[in-house]
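Pasting entry_14.txt here (compact mmCIF, C-alpha atoms):
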# COMPACT_ATOMS: atom_id res chain seq x y z
CA ARG A 142 75.04 133.10 57.57
CA VAL A 143 75.17 129.30 57.03
CA LEU A 144 78.15 127.62 58.60
CA THR A 145 80.07 124.99 56.72
CA GLN A 146 83.15 123.01 57.64
CA THR A 147 85.41 125.55 55.94
CA SER A 148 83.84 128.47 57.76
CA LEU A 149 84.31 126.67 61.07
CA LYS A 150 87.96 126.07 60.28
CA ASP A 151 88.46 129.78 59.66
CA GLU A 152 87.74 130.57 63.26
CA SER A 153 90.78 129.41 65.20
CA GLN A 154 89.42 129.69 68.70
CA PRO A 155 87.24 126.79 69.90
CA GLU A 156 85.19 129.05 72.19
CA LYS A 157 84.05 131.19 69.26
CA GLN A 158 83.15 128.07 67.29
CA ALA A 159 81.10 126.71 70.18
CA GLU A 160 79.26 130.03 70.61
CA ARG A 161 78.48 130.26 66.92
CA ILE A 162 77.23 126.62 66.78
CA GLN A 163 75.02 127.01 69.86
CA GLY A 164 73.48 130.13 68.42
CA ASP A 165 72.75 128.64 65.00
CA PRO A 166 70.39 125.61 64.95
CA ALA A 167 71.41 124.62 61.41
CA ALA A 168 75.10 124.53 62.40
CA LEU A 169 74.23 122.55 65.53
CA ALA A 170 72.35 120.01 63.41
CA LYS A 171 75.34 119.67 61.06
CA VAL A 172 77.74 119.13 63.97
CA VAL A 173 75.47 116.53 65.53
CA GLY A 174 75.20 114.78 62.16
CA MET A 175 79.00 114.77 61.76
CA GLN A 176 79.41 113.41 65.29
CA ARG A 177 76.93 110.66 64.56
CA LYS A 178 78.76 109.66 61.36
CA VAL A 179 82.15 109.62 63.10
CA LYS A 180 80.75 107.61 66.00
CA GLU A 181 79.13 105.12 63.61
CA ARG A 182 82.45 104.70 61.80
CA PHE A 183 84.22 103.92 65.09
CA VAL A 184 81.48 101.50 66.15
CA MET A 185 81.58 99.75 62.76
CA ARG A 186 85.38 99.54 62.92
CA ARG A 187 85.19 97.96 66.40
CA LYS A 188 82.54 95.49 65.24
CA ARG A 189 84.58 94.53 62.17
CA GLU A 190 87.70 94.02 64.28
CA ALA A 191 85.75 91.86 66.74
CA ALA A 192 84.25 89.83 63.88
CA GLU A 193 87.70 89.41 62.33
CA THR A 194 89.06 88.20 65.67
CA VAL A 195 86.25 85.67 65.99
CA LEU A 196 86.84 84.49 62.41
CA GLN A 197 90.56 84.03 63.06
CA LEU A 198 89.80 82.09 66.24
CA LEU A 199 87.37 79.84 64.39
CA ARG A 200 89.95 79.17 61.69
CA ARG A 201 92.55 78.29 64.33
CA TRP A 202 90.09 76.11 66.25
CA ARG A 203 89.15 74.24 63.10
CA ARG A 204 92.78 73.24 62.80
CA ASP A 205 93.95 73.01 66.43
CA GLY A 206 90.79 72.76 68.52
CA SER A 207 89.68 69.25 67.63
CA PHE A 208 92.17 67.85 70.17
CA PHE A 209 90.59 69.88 72.96
CA ILE A 210 87.09 68.92 71.88
CA VAL A 211 88.02 65.22 71.91
CA CYS A 212 89.64 65.63 75.35
CA GLY A 213 86.52 67.29 76.69
CA ARG A 214 84.32 64.50 75.35
CA PHE A 215 86.64 61.89 76.91
CA PHE A 216 86.58 63.61 80.31
CA ARG A 217 82.77 63.75 80.24
CA GLN A 218 82.65 60.01 79.53
CA VAL A 219 85.08 59.31 82.38
CA LYS A 220 82.97 61.37 84.77
CA ARG A 221 79.89 59.44 83.67
CA VAL A 222 81.55 56.07 84.36
CA GLN A 223 82.88 57.29 87.72
CA HIS A 224 79.41 58.50 88.69
CA PHE A 225 77.93 55.11 87.77
CA TRP A 226 80.61 53.23 89.71
CA ARG A 227 80.13 55.37 92.82
CA ARG A 228 76.39 54.74 92.74
CA LYS A 229 76.42 51.02 91.90
CA SER A 230 79.63 49.48 93.34
CA GLU A 231 78.10 48.64 96.74
CA GLN A 232 75.04 47.12 95.07
CA LEU A 233 77.28 45.04 92.78
CA VAL A 234 79.22 43.66 95.78
CA LYS A 235 75.96 42.62 97.44
CA THR A 236 74.70 41.00 94.24
CA VAL A 237 77.96 39.05 93.76
CA ALA A 238 77.79 37.76 97.35
CA LEU A 239 74.15 36.70 96.85
CA VAL A 240 74.89 34.87 93.59
CA GLU A 241 77.92 33.12 95.12
CA SER A 242 75.87 31.93 98.10
CA MET A 243 73.12 30.63 95.79
CA TRP A 244 75.30 28.93 93.18
CA GLY A 245 78.20 27.71 95.39
CA PRO A 246 76.50 24.47 96.52
CA VAL A 247 75.16 23.82 93.02
CA GLU A 248 78.59 24.25 91.51
CA PHE A 249 80.08 21.96 94.14
CA GLN A 250 77.58 19.19 93.29
CA VAL A 251 78.19 19.58 89.55
CA CYS A 252 81.97 19.34 90.01
CA LYS A 253 81.55 16.32 92.29
CA ALA A 254 79.44 14.55 89.66
CA ILE A 255 81.99 15.33 86.92
CA VAL A 256 84.87 13.96 89.01
CA ALA A 257 82.89 10.82 89.96
CA LYS A 258 81.98 10.19 86.33
CA ALA A 259 85.55 10.71 85.11
CA SER A 260 87.12 8.41 87.69
CA LYS A 261 87.37 4.66 87.20
CA PRO A 262 86.97 1.89 89.79
CA ALA A 263 90.07 1.34 91.94
CA GLU A 264 90.95 -2.02 90.33
CA ASP A 265 91.00 -0.45 86.84
CA ILE A 266 93.43 2.31 87.77
CA VAL A 267 96.94 1.89 86.48
CA ARG A 268 99.36 3.16 89.09
CA LYS A 269 102.14 4.14 86.73
CA PRO A 270 101.25 6.39 83.83
CA ARG A 271 101.96 5.14 80.36
CA HIS A 272 104.36 7.02 78.18
CA GLY A 273 103.00 10.53 77.45
CA ARG A 274 100.02 10.27 79.81
CA ARG A 275 99.26 11.50 83.31
CA ALA A 276 98.42 9.31 86.27
CA THR A 277 94.70 8.97 86.99
CA ILE A 278 93.07 9.82 90.32
CA THR A 279 92.02 7.02 92.70
CA HIS A 280 88.72 6.82 94.58
CA ASP A 281 90.53 7.43 97.87
CA GLN A 282 91.93 10.66 96.49
CA ILE A 283 88.46 11.71 95.30
CA ALA A 284 87.03 11.00 98.76
CA ARG A 285 89.76 13.08 100.39
CA ILE A 286 89.09 15.94 97.93
CA GLU A 287 85.35 15.76 98.62
CA ASN A 288 85.92 15.86 102.37
CA LEU A 289 88.31 18.82 102.07
CA THR A 290 85.99 20.81 99.85
CA ALA A 291 82.96 19.97 101.99
CA ASP A 292 84.81 21.15 105.11
CA GLU A 293 85.94 24.33 103.36
CA HIS A 294 82.46 24.92 102.03
CA ALA A 295 80.91 24.47 105.47
CA LYS A 296 83.11 27.25 106.83
Can you turn what I pasted into structure tokens?
Amino acid sequence: RVLTQTSLKDESQPEKQAERIQGDPAALAKVVGMQRKVKERFVMRRKREAAETVLQLLRRWRRDGSFFIVCGRFFRQVKRVQHFWRRKSEQLVKTVALVESMWGPVEFQVCKAIVAKASKPAEDIVRKPRHGRRATITHDQIARIENLTADEHAK
């Protein structure tokens, strides 16, 4: 006798159904086939639900996620600058000190020449400023400034 779904339903006791299926290879093949189809349906349903969840997340991220992406990019840039500063700050301090020691005397001489060129002889200096002008600097004042800056520079 060939078993079908209706004939299996007729037998109310599961033990009898199991005995009949185990004894009949055709019935066993049908049951295995039905199990496979049911299992495939469940697997497909789970995959569809997972794909739907991913699609909903992508739609939300398209709208709301750009802020987080921009924040992440900003934090990566900050970390990059911090890494550079940690590596190079000591070297920059040394370089600044070297450049100051090399160019300090040169700058002093340039400023001295500018002040000497801008000043007039003592007899040409007007002591009181004219209306709307500032008083000019005398040679004595320039000498005092040169001595002060030379002393400071020597230290």
Point-to-point distance from CA of Val211 (chain A) to CA of Leu199 (chain A), Å rounded to tenths: 16.5 Å
Using Å and a single decimal, report how far CA of Arg177 (chain A) sits from CA of Gln163 (chain A). 17.3 Å
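Taking CA of Phe249 (chain A) and CA of Val237 (chain A) as endpoints, the distance between them is 17.2 Å.
Residue nearest Cys252 (chain A), chosen from A:Arg186, A:Gly213, A:Glu287, A:Thr194 and counting all atoms listed in the file: A:Glu287.
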For region 244-249 of chain A, what centre and edge lengths in Å (one decimal) does the axis-aligned box get once 6 Å is added on each side of all its listed atoms, as AutoDock Vina command-line options?
--center_x 77.6 --center_y 25.4 --center_z 94.0 --size_x 16.9 --size_y 19.0 --size_z 17.0
